[in-house]
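Asks: Sharing run_37.tsv here; it has TSV, N, CA and C atoms.
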```tsv
chain	number	residue	atom	x	y	z
D	1	MET	N	0.84	-1.19	0.00
D	1	MET	CA	0.00	0.00	0.00
D	1	MET	C	0.88	1.25	0.00
D	2	PRO	N	0.56	2.21	-0.85
D	2	PRO	CA	1.35	3.44	-0.90
D	2	PRO	C	1.14	4.28	0.37
D	3	ARG	N	2.16	5.04	0.72
D	3	ARG	CA	2.08	5.96	1.86
D	3	ARG	C	1.91	7.38	1.31
D	4	VAL	N	0.89	8.07	1.82
D	4	VAL	CA	0.62	9.46	1.43
D	4	VAL	C	0.81	10.34	2.66
D	5	THR	N	1.53	11.44	2.46
D	5	THR	CA	1.75	12.40	3.54
D	5	THR	C	1.23	13.75	3.09
D	6	PHE	N	0.35	14.35	3.90
D	6	PHE	CA	-0.17	15.69	3.67
D	6	PHE	C	0.55	16.62	4.63
D	7	LEU	N	1.43	17.48	4.10
D	7	LEU	CA	2.16	18.45	4.92
D	7	LEU	C	1.28	19.66	5.15
D	8	HIS	N	0.96	19.88	6.40
D	8	HIS	CA	0.07	20.97	6.82
D	8	HIS	C	0.09	20.93	8.34
D	9	PRO	N	-0.16	22.05	9.04
D	9	PRO	CA	-0.20	21.99	10.50
D	9	PRO	C	-1.17	20.93	11.04
D	10	GLN	N	-2.23	20.63	10.29
D	10	GLN	CA	-3.18	19.59	10.70
D	10	GLN	C	-2.97	18.32	9.87
D	11	GLY	N	-1.77	18.20	9.28
D	11	GLY	CA	-1.48	17.14	8.33
D	11	GLY	C	-1.64	15.73	8.85
D	12	LYS	N	-1.71	14.82	7.93
D	12	LYS	CA	-1.86	13.39	8.22
D	12	LYS	C	-0.94	12.62	7.28
D	13	SER	N	-0.61	11.41	7.71
D	13	SER	CA	0.19	10.52	6.89
D	13	SER	C	-0.26	9.11	7.16
D	14	GLY	N	-0.24	8.29	6.13
D	14	GLY	CA	-0.62	6.91	6.33
D	14	GLY	C	-0.68	6.15	5.02
D	15	ASN	N	-0.86	4.86	5.14
D	15	ASN	CA	-0.98	4.00	3.97
D	15	ASN	C	-2.42	4.02	3.47
D	16	VAL	N	-2.54	4.07	2.15
D	16	VAL	CA	-3.86	4.13	1.53
D	16	VAL	C	-3.95	3.10	0.40
D	17	THR	N	-5.14	2.84	-0.03
D	17	THR	CA	-5.38	1.93	-1.14
D	17	THR	C	-4.81	2.52	-2.43
D	18	ARG	N	-4.10	1.72	-3.18
D	18	ARG	CA	-3.53	2.17	-4.45
D	18	ARG	C	-4.64	2.59	-5.40
D	19	ASN	N	-4.37	3.60	-6.20
D	19	ASN	CA	-5.25	4.14	-7.24
D	19	ASN	C	-6.36	5.05	-6.72
D	20	LEU	N	-6.34	5.37	-5.43
D	20	LEU	CA	-7.27	6.39	-4.92
D	20	LEU	C	-6.79	7.75	-5.41
D	21	THR	N	-7.70	8.70	-5.56
D	21	THR	CA	-7.27	10.07	-5.80
D	21	THR	C	-6.70	10.60	-4.49
D	22	LEU	N	-5.91	11.65	-4.58
D	22	LEU	CA	-5.39	12.27	-3.35
D	22	LEU	C	-6.54	12.74	-2.46
D	23	LEU	N	-7.62	13.21	-3.08
D	23	LEU	CA	-8.79	13.64	-2.31
D	23	LEU	C	-9.39	12.47	-1.54
D	24	ASP	N	-9.55	11.32	-2.19
D	24	ASP	CA	-10.08	10.15	-1.50
D	24	ASP	C	-9.10	9.63	-0.46
D	25	ALA	N	-7.81	9.74	-0.74
D	25	ALA	CA	-6.79	9.34	0.24
D	25	ALA	C	-6.90	10.23	1.49
D	26	ALA	N	-7.12	11.53	1.27
D	26	ALA	CA	-7.28	12.46	2.39
D	26	ALA	C	-8.49	12.05	3.24
D	27	LYS	N	-9.58	11.73	2.57
D	27	LYS	CA	-10.79	11.29	3.29
D	27	LYS	C	-10.50	10.02	4.09
D	28	GLU	N	-9.80	9.08	3.46
D	28	GLU	CA	-9.48	7.81	4.13
D	28	GLU	C	-8.62	8.03	5.37
D	29	LEU	N	-7.74	9.04	5.32
D	29	LEU	CA	-6.85	9.34	6.45
D	29	LEU	C	-7.47	10.30	7.45
D	30	GLY	N	-8.65	10.83	7.15
D	30	GLY	CA	-9.29	11.77	8.06
D	30	GLY	C	-8.72	13.17	7.98
D	31	PHE	N	-8.16	13.53	6.82
D	31	PHE	CA	-7.60	14.87	6.62
D	31	PHE	C	-8.59	15.69	5.80
D	32	PRO	N	-8.98	16.88	6.30
D	32	PRO	CA	-10.02	17.67	5.64
D	32	PRO	C	-9.51	18.49	4.45
D	33	LEU	N	-9.20	17.83	3.34
D	33	LEU	CA	-8.77	18.54	2.14
D	33	LEU	C	-9.99	19.20	1.49
D	34	LYS	N	-9.94	20.51	1.40
D	34	LYS	CA	-11.08	21.27	0.89
D	34	LYS	C	-11.34	20.91	-0.58
D	35	HIS	N	-12.61	20.84	-0.95
D	35	HIS	CA	-12.99	20.53	-2.33
D	35	HIS	C	-14.39	21.09	-2.60
D	36	ASP	N	-14.42	22.36	-2.97
D	36	ASP	CA	-15.69	23.08	-3.14
D	36	ASP	C	-16.59	22.48	-4.22
D	37	CYS	N	-16.01	21.91	-5.27
D	37	CYS	CA	-16.84	21.40	-6.37
D	37	CYS	C	-17.24	19.94	-6.17
D	38	GLY	N	-16.89	19.37	-5.04
D	38	GLY	CA	-17.24	17.98	-4.77
D	38	GLY	C	-16.33	16.98	-5.46
D	39	GLY	N	-15.16	17.44	-5.90
D	39	GLY	CA	-14.21	16.54	-6.54
D	39	GLY	C	-14.47	16.30	-8.01
D	40	ASN	N	-15.06	17.29	-8.68
D	40	ASN	CA	-15.42	17.14	-10.10
D	40	ASN	C	-14.51	17.90	-11.05
D	41	ALA	N	-13.35	18.32	-10.60
D	41	ALA	CA	-12.38	19.05	-11.43
D	41	ALA	C	-12.97	20.31	-12.05
D	42	SER	N	-13.74	21.05	-11.27
D	42	SER	CA	-14.26	22.32	-11.79
D	42	SER	C	-13.86	23.50	-10.91
D	43	CYS	N	-12.98	23.29	-9.94
D	43	CYS	CA	-12.40	24.37	-9.14
D	43	CYS	C	-10.97	23.96	-8.82
D	44	THR	N	-10.27	24.73	-8.05
D	44	THR	CA	-8.90	24.35	-7.68
D	44	THR	C	-8.70	24.32	-6.16
D	45	THR	N	-9.77	24.19	-5.42
D	45	THR	CA	-9.62	24.23	-3.96
D	45	THR	C	-8.91	23.01	-3.40
D	46	CYS	N	-8.84	21.92	-4.14
D	46	CYS	CA	-8.15	20.72	-3.65
D	46	CYS	C	-6.71	20.67	-4.16
D	47	ARG	N	-6.21	21.79	-4.68
D	47	ARG	CA	-4.85	21.84	-5.23
D	47	ARG	C	-3.82	21.56	-4.15
D	48	VAL	N	-2.84	20.77	-4.52
D	48	VAL	CA	-1.72	20.48	-3.62
D	48	VAL	C	-0.42	20.73	-4.38
D	49	GLU	N	0.68	20.79	-3.64
D	49	GLU	CA	2.00	20.97	-4.23
D	49	GLU	C	2.81	19.71	-3.91
D	50	VAL	N	3.20	18.99	-4.93
D	50	VAL	CA	3.92	17.74	-4.75
D	50	VAL	C	5.36	18.04	-4.31
D	51	GLN	N	5.73	17.52	-3.15
D	51	GLN	CA	7.07	17.72	-2.60
D	51	GLN	C	8.01	16.58	-3.02
D	52	SER	N	7.48	15.37	-3.04
D	52	SER	CA	8.25	14.21	-3.52
D	52	SER	C	7.28	13.13	-3.95
D	53	GLY	N	7.75	12.30	-4.88
D	53	GLY	CA	6.92	11.20	-5.36
D	53	GLY	C	6.03	11.54	-6.53
D	54	ALA	N	6.32	12.61	-7.27
D	54	ALA	CA	5.49	12.99	-8.42
D	54	ALA	C	5.37	11.84	-9.42
D	55	GLU	N	6.43	11.04	-9.51
D	55	GLU	CA	6.39	9.89	-10.43
D	55	GLU	C	5.43	8.81	-9.96
D	56	ASN	N	4.97	8.92	-8.72
D	56	ASN	CA	4.04	7.95	-8.15
D	56	ASN	C	2.59	8.41	-8.21
D	57	LEU	N	2.33	9.44	-9.03
D	57	LEU	CA	0.97	9.92	-9.27
D	57	LEU	C	0.62	9.67	-10.73
D	58	SER	N	-0.66	9.51	-11.00
D	58	SER	CA	-1.11	9.34	-12.38
D	58	SER	C	-0.71	10.57	-13.19
D	59	GLU	N	-0.66	10.41	-14.50
D	59	GLU	CA	-0.33	11.53	-15.38
D	59	GLU	C	-1.46	12.56	-15.37
D	60	ILE	N	-1.10	13.81	-15.61
D	60	ILE	CA	-2.09	14.87	-15.68
D	60	ILE	C	-2.88	14.71	-16.97
D	61	ASP	N	-4.21	14.69	-16.86
D	61	ASP	CA	-5.03	14.60	-18.08
D	61	ASP	C	-5.38	16.02	-18.55
D	62	PHE	N	-6.05	16.09	-19.69
D	62	PHE	CA	-6.36	17.38	-20.31
D	62	PHE	C	-7.18	18.27	-19.38
D	63	ASP	N	-8.24	17.74	-18.76
D	63	ASP	CA	-9.12	18.55	-17.91
D	63	ASP	C	-8.38	19.15	-16.72
D	64	GLU	N	-7.53	18.34	-16.09
D	64	GLU	CA	-6.76	18.85	-14.94
D	64	GLU	C	-5.80	19.93	-15.40
D	65	GLN	N	-5.06	19.68	-16.49
D	65	GLN	CA	-4.10	20.66	-16.98
D	65	GLN	C	-4.79	21.95	-17.40
D	66	ASP	N	-5.94	21.83	-18.05
D	66	ASP	CA	-6.69	23.01	-18.48
D	66	ASP	C	-7.08	23.87	-17.28
D	67	LEU	N	-7.58	23.26	-16.24
D	67	LEU	CA	-7.98	24.00	-15.06
D	67	LEU	C	-6.78	24.65	-14.37
D	68	LEU	N	-5.68	23.92	-14.25
D	68	LEU	CA	-4.47	24.49	-13.66
D	68	LEU	C	-3.95	25.66	-14.50
D	69	ASP	N	-3.99	25.51	-15.83
D	69	ASP	CA	-3.55	26.59	-16.71
D	69	ASP	C	-4.41	27.84	-16.53
D	70	ARG	N	-5.71	27.65	-16.41
D	70	ARG	CA	-6.61	28.81	-16.24
D	70	ARG	C	-6.33	29.55	-14.94
D	71	GLU	N	-5.80	28.85	-13.95
D	71	GLU	CA	-5.47	29.48	-12.67
D	71	GLU	C	-4.00	29.91	-12.62
D	72	ALA	N	-3.30	29.82	-13.76
D	72	ALA	CA	-1.88	30.18	-13.87
D	72	ALA	C	-1.01	29.34	-12.92
D	73	LEU	N	-1.37	28.08	-12.76
D	73	LEU	CA	-0.61	27.15	-11.92
D	73	LEU	C	0.10	26.17	-12.86
D	74	ARG	N	1.07	26.67	-13.59
D	74	ARG	CA	1.69	25.90	-14.66
D	74	ARG	C	2.89	25.06	-14.21
D	75	GLU	N	3.40	25.31	-13.01
D	75	GLU	CA	4.54	24.54	-12.54
D	75	GLU	C	4.13	23.07	-12.37
D	76	PRO	N	5.02	22.14	-12.68
D	76	PRO	CA	4.67	20.72	-12.68
D	76	PRO	C	4.32	20.14	-11.31
D	77	TRP	N	4.65	20.85	-10.24
D	77	TRP	CA	4.37	20.30	-8.91
D	77	TRP	C	2.93	20.56	-8.46
D	78	HIS	N	2.18	21.38	-9.18
D	78	HIS	CA	0.77	21.61	-8.83
D	78	HIS	C	-0.08	20.46	-9.35
D	79	ARG	N	-0.89	19.92	-8.48
D	79	ARG	CA	-1.84	18.86	-8.88
D	79	ARG	C	-3.17	19.11	-8.19
D	80	LEU	N	-4.23	18.61	-8.80
D	80	LEU	CA	-5.55	18.66	-8.17
D	80	LEU	C	-5.76	17.35	-7.43
D	81	GLY	N	-6.11	17.46	-6.16
D	81	GLY	CA	-6.31	16.28	-5.35
D	81	GLY	C	-7.41	15.37	-5.86
D	82	CYS	N	-8.38	15.94	-6.54
D	82	CYS	CA	-9.50	15.13	-7.05
D	82	CYS	C	-9.14	14.37	-8.32
D	83	GLN	N	-8.00	14.70	-8.93
D	83	GLN	CA	-7.64	14.08	-10.20
D	83	GLN	C	-6.39	13.20	-10.11
D	84	ALA	N	-5.43	13.56	-9.28
D	84	ALA	CA	-4.18	12.82	-9.18
D	84	ALA	C	-4.41	11.52	-8.41
D	85	ARG	N	-4.11	10.40	-9.06
D	85	ARG	CA	-4.27	9.08	-8.45
D	85	ARG	C	-2.95	8.61	-7.88
D	86	VAL	N	-3.03	8.01	-6.68
D	86	VAL	CA	-1.85	7.55	-5.95
D	86	VAL	C	-1.45	6.16	-6.44
D	87	LEU	N	-0.22	6.07	-6.97
D	87	LEU	CA	0.31	4.80	-7.47
D	87	LEU	C	1.47	4.30	-6.62
D	88	GLY	N	1.99	5.19	-5.77
D	88	GLY	CA	3.11	4.86	-4.89
D	88	GLY	C	3.24	5.96	-3.84
D	89	ASP	N	4.31	5.91	-3.06
D	89	ASP	CA	4.51	6.88	-1.97
D	89	ASP	C	4.61	8.31	-2.52
D	90	VAL	N	3.96	9.23	-1.83
D	90	VAL	CA	3.96	10.63	-2.25
D	90	VAL	C	3.82	11.53	-1.03
D	91	VAL	N	4.48	12.69	-1.12
D	91	VAL	CA	4.37	13.73	-0.09
D	91	VAL	C	3.89	14.99	-0.77
D	92	VAL	N	2.79	15.55	-0.28
D	92	VAL	CA	2.24	16.78	-0.86
D	92	VAL	C	2.06	17.82	0.24
D	93	ARG	N	2.27	19.08	-0.14
D	93	ARG	CA	2.03	20.19	0.77
D	93	ARG	C	0.68	20.79	0.43
D	94	VAL	N	-0.10	21.04	1.46
D	94	VAL	CA	-1.42	21.65	1.29
D	94	VAL	C	-1.31	23.10	1.75
D	95	PRO	N	-1.49	24.06	0.83
D	95	PRO	CA	-1.41	25.46	1.23
D	95	PRO	C	-2.41	25.77	2.34
D	96	GLU	N	-1.93	26.46	3.37
D	96	GLU	CA	-2.80	26.78	4.51
D	96	GLU	C	-3.97	27.65	4.09
D	97	SER	N	-3.79	28.44	3.04
D	97	SER	CA	-4.89	29.31	2.58
D	97	SER	C	-6.07	28.50	2.07
D	98	LYS	N	-5.89	27.20	1.86
D	98	LYS	CA	-6.98	26.35	1.38
D	98	LYS	C	-7.97	26.02	2.50
D	99	PHE	N	-7.63	26.35	3.73
D	99	PHE	CA	-8.49	26.03	4.86
D	99	PHE	C	-9.18	27.29	5.34
D	100	ALA	N	-10.48	27.21	5.53
D	100	ALA	CA	-11.26	28.35	5.99
D	100	ALA	C	-11.04	28.58	7.48
D	101	GLU	N	-10.92	29.82	7.84
D	101	GLU	CA	-10.84	30.16	9.26
D	101	GLU	C	-12.21	29.94	9.89
D	102	PRO	N	-12.26	29.54	11.15
D	102	PRO	CA	-13.56	29.37	11.80
D	102	PRO	C	-14.31	30.69	11.86
D	103	THR	N	-15.60	30.62	11.69
D	103	THR	CA	-16.39	31.84	11.81
D	103	THR	C	-16.48	32.23	13.27
D	104	THR	N	-16.84	33.47	13.52
D	104	THR	CA	-16.95	33.95	14.89
D	104	THR	C	-17.92	33.11	15.69
D	105	ARG	N	-19.07	32.80	15.13
D	105	ARG	CA	-20.08	32.01	15.85
D	105	ARG	C	-19.55	30.62	16.18
D	106	GLN	N	-18.89	29.94	15.22
D	106	GLN	CA	-18.33	28.62	15.48
D	106	GLN	C	-17.26	28.70	16.57
D	107	SER	N	-16.41	29.73	16.50
D	107	SER	CA	-15.34	29.87	17.47
D	107	SER	C	-15.88	30.14	18.86
D	108	GLU	N	-16.90	31.01	18.96
D	108	GLU	CA	-17.49	31.31	20.26
D	108	GLU	C	-18.12	30.06	20.86
D	109	ALA	N	-18.76	29.26	20.03
D	109	ALA	CA	-19.39	28.02	20.50
D	109	ALA	C	-18.34	27.05	21.02
D	110	GLN	N	-17.13	27.12	20.45
D	110	GLN	CA	-16.07	26.22	20.89
D	110	GLN	C	-15.18	26.86	21.94
D	111	GLY	N	-15.49	28.11	22.32
D	111	GLY	CA	-14.71	28.79	23.34
D	111	GLY	C	-13.35	29.26	22.82
D	112	VAL	N	-13.26	29.56	21.53
D	112	VAL	CA	-11.99	30.00	20.94
D	112	VAL	C	-12.07	31.48	20.68
D	113	ASP	N	-11.03	32.20	21.06
D	113	ASP	CA	-10.93	33.64	20.82
D	113	ASP	C	-10.18	33.84	19.50
D	114	ILE	N	-10.84	34.41	18.46
D	114	ILE	CA	-10.20	34.57	17.17
D	114	ILE	C	-9.69	36.00	16.96
D	115	ARG	N	-9.72	36.82	17.97
D	115	ARG	CA	-9.22	38.20	17.83
D	115	ARG	C	-7.75	38.28	17.84
```
Would you write the structure of this file as structure tokens?
Replies:
Amino acid sequence: MPRVTFLHPQGKSGNVTRNLTLLDAAKELGFPLKHDCGGNASCTTCRVEVQSGAENLSEIDFDEQDLLDREALREPWHRLGCQARVLGDVVVRVPESKFAEPTTRQSEAQGVDIR
């Protein structure tokens, strides 16, 4: 089983079923990788930056490349979590800006001061 590591302050790492998308691997590991379009390759909120193991991901198809190009994410290390399939060990960084800050109401309910 391939090992996937999500680098992020709330990151997770673990073995996952081969051929899962990075998004499904994140779900399997309990890591909240944001995906506004539901994993349909119509946004870039599940974008990750491959740190190592790029050769262990499926090749970029036309739809994924088109969407990355439209967002000016042309460097080869950018991948969409909903499209990249895990074929072997991989380490990806998840930009912190991809995670929503808690709203004031949610934070107050949890006793967190966001000021």
Asks: Which of stretch 14-85 of chain D counts as helix (DSSP H, G or I) under DSSP, as number ranges by chain please?
Replies: D: 22-29, 54-56, 62-70
Asks: Would you put the residues from that selection into a file with N, CA and C atoms, as a PDB file, in the coordinates of the input?
Replies:
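Everything below was put into out38.pdb:
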```pdb
ATOM      1  N   LEU D  22      -5.910  11.650  -4.580  1.00  0.00           N
ATOM      2  CA  LEU D  22      -5.390  12.270  -3.350  1.00  0.00           C
ATOM      3  C   LEU D  22      -6.540  12.740  -2.460  1.00  0.00           C
ATOM      4  N   LEU D  23      -7.620  13.210  -3.080  1.00  0.00           N
ATOM      5  CA  LEU D  23      -8.790  13.640  -2.310  1.00  0.00           C
ATOM      6  C   LEU D  23      -9.390  12.470  -1.540  1.00  0.00           C
ATOM      7  N   ASP D  24      -9.550  11.320  -2.190  1.00  0.00           N
ATOM      8  CA  ASP D  24     -10.080  10.150  -1.500  1.00  0.00           C
ATOM      9  C   ASP D  24      -9.100   9.630  -0.460  1.00  0.00           C
ATOM     10  N   ALA D  25      -7.810   9.740  -0.740  1.00  0.00           N
ATOM     11  CA  ALA D  25      -6.790   9.340   0.240  1.00  0.00           C
ATOM     12  C   ALA D  25      -6.900  10.230   1.490  1.00  0.00           C
ATOM     13  N   ALA D  26      -7.120  11.530   1.270  1.00  0.00           N
ATOM     14  CA  ALA D  26      -7.280  12.460   2.390  1.00  0.00           C
ATOM     15  C   ALA D  26      -8.490  12.050   3.240  1.00  0.00           C
ATOM     16  N   LYS D  27      -9.580  11.730   2.570  1.00  0.00           N
ATOM     17  CA  LYS D  27     -10.790  11.290   3.290  1.00  0.00           C
ATOM     18  C   LYS D  27     -10.500  10.020   4.090  1.00  0.00           C
ATOM     19  N   GLU D  28      -9.800   9.080   3.460  1.00  0.00           N
ATOM     20  CA  GLU D  28      -9.480   7.810   4.130  1.00  0.00           C
ATOM     21  C   GLU D  28      -8.620   8.030   5.370  1.00  0.00           C
ATOM     22  N   LEU D  29      -7.740   9.040   5.320  1.00  0.00           N
ATOM     23  CA  LEU D  29      -6.850   9.340   6.450  1.00  0.00           C
ATOM     24  C   LEU D  29      -7.470  10.300   7.450  1.00  0.00           C
ATOM     25  N   ALA D  54       6.320  12.610  -7.270  1.00  0.00           N
ATOM     26  CA  ALA D  54       5.490  12.990  -8.420  1.00  0.00           C
ATOM     27  C   ALA D  54       5.370  11.840  -9.420  1.00  0.00           C
ATOM     28  N   GLU D  55       6.430  11.040  -9.510  1.00  0.00           N
ATOM     29  CA  GLU D  55       6.390   9.890 -10.430  1.00  0.00           C
ATOM     30  C   GLU D  55       5.430   8.810  -9.960  1.00  0.00           C
ATOM     31  N   ASN D  56       4.970   8.920  -8.720  1.00  0.00           N
ATOM     32  CA  ASN D  56       4.040   7.950  -8.150  1.00  0.00           C
ATOM     33  C   ASN D  56       2.590   8.410  -8.210  1.00  0.00           C
ATOM     34  N   PHE D  62      -6.050  16.090 -19.690  1.00  0.00           N
ATOM     35  CA  PHE D  62      -6.360  17.380 -20.310  1.00  0.00           C
ATOM     36  C   PHE D  62      -7.180  18.270 -19.380  1.00  0.00           C
ATOM     37  N   ASP D  63      -8.240  17.740 -18.760  1.00  0.00           N
ATOM     38  CA  ASP D  63      -9.120  18.550 -17.910  1.00  0.00           C
ATOM     39  C   ASP D  63      -8.380  19.150 -16.720  1.00  0.00           C
ATOM     40  N   GLU D  64      -7.530  18.340 -16.090  1.00  0.00           N
ATOM     41  CA  GLU D  64      -6.760  18.850 -14.940  1.00  0.00           C
ATOM     42  C   GLU D  64      -5.800  19.930 -15.400  1.00  0.00           C
ATOM     43  N   GLN D  65      -5.060  19.680 -16.490  1.00  0.00           N
ATOM     44  CA  GLN D  65      -4.100  20.660 -16.980  1.00  0.00           C
ATOM     45  C   GLN D  65      -4.790  21.950 -17.400  1.00  0.00           C
ATOM     46  N   ASP D  66      -5.940  21.830 -18.050  1.00  0.00           N
ATOM     47  CA  ASP D  66      -6.690  23.010 -18.480  1.00  0.00           C
ATOM     48  C   ASP D  66      -7.080  23.870 -17.280  1.00  0.00           C
ATOM     49  N   LEU D  67      -7.580  23.260 -16.240  1.00  0.00           N
ATOM     50  CA  LEU D  67      -7.980  24.000 -15.060  1.00  0.00           C
ATOM     51  C   LEU D  67      -6.780  24.650 -14.370  1.00  0.00           C
ATOM     52  N   LEU D  68      -5.680  23.920 -14.250  1.00  0.00           N
ATOM     53  CA  LEU D  68      -4.470  24.490 -13.660  1.00  0.00           C
ATOM     54  C   LEU D  68      -3.950  25.660 -14.500  1.00  0.00           C
ATOM     55  N   ASP D  69      -3.990  25.510 -15.830  1.00  0.00           N
ATOM     56  CA  ASP D  69      -3.550  26.590 -16.710  1.00  0.00           C
ATOM     57  C   ASP D  69      -4.410  27.840 -16.530  1.00  0.00           C
ATOM     58  N   ARG D  70      -5.710  27.650 -16.410  1.00  0.00           N
ATOM     59  CA  ARG D  70      -6.610  28.810 -16.240  1.00  0.00           C
ATOM     60  C   ARG D  70      -6.330  29.550 -14.940  1.00  0.00           C
TER      61      ARG D  70
END
```
Asks: Hey, which of D:Arg85, D:His78, D:Arg70, D:His8 ends up closest to D:Ala25? Count only C-alpha atoms.
Replies: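 The shortest atom-to-atom distance to D:Ala25 comes from D:Arg85.
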Asks: What is the distance, in Å and to one decimal place, between atom CA of D:Gln10 and atom CA of D:Asp69?
Replies: 28.3 Å
Asks: Of the candidates D:Pro2, D:Gly30, D:Leu22, D:Ala41, which shows the shortest atom-to-atom distance to D:Gly88, using only N, CA and C atoms?
Replies: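 Closest residue, counting only N, CA and C atoms: D:Pro2.
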Asks: Which of these, D:Thr44, D:Gln65, D:Asn56, D:Thr21, has the shortest distance to D:Asp89 once you count only C-alpha atoms?
Replies: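 Among D:Thr44, D:Gln65, D:Asn56, D:Thr21, it is D:Asn56 that comes nearest to D:Asp89.
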Asks: List the residues sitting within 8 Å of (-4.9, 19.1, -10.0) in the file's frame, using only C-alpha atoms, as a list in words.
Replies: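 Looking at atoms near the point gives Ala41, Thr44, Cys46, Arg47, Val48, Ile60, Glu64, Gln65, Leu67, Leu68, His78, Arg79, Leu80, Gly81, Cys82, Gln83 and Ala84 of chain D.
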Asks: In Å, with one decimal, what is the gap from atom C of D:Leu33 to atom N of D:Thr45?
Replies: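 Atom N of D:Thr45 lies at a distance of 8.5 Å from atom C of D:Leu33.
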Asks: Report, in Å with one decimal, the straight-line distance from atom CA of D:Cys43 to atom C of D:Leu7.
Replies: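 Spanning atom CA of D:Cys43 to atom C of D:Leu7 is a straight-line distance of 20.3 Å.
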Asks: Give the answer as one residue: which of D:Leu20, D:Leu29, D:Leu73, D:Cys37 has the shortest atom-to-atom distance to D:Leu57, using only C-alpha atoms?
Replies: D:Leu20
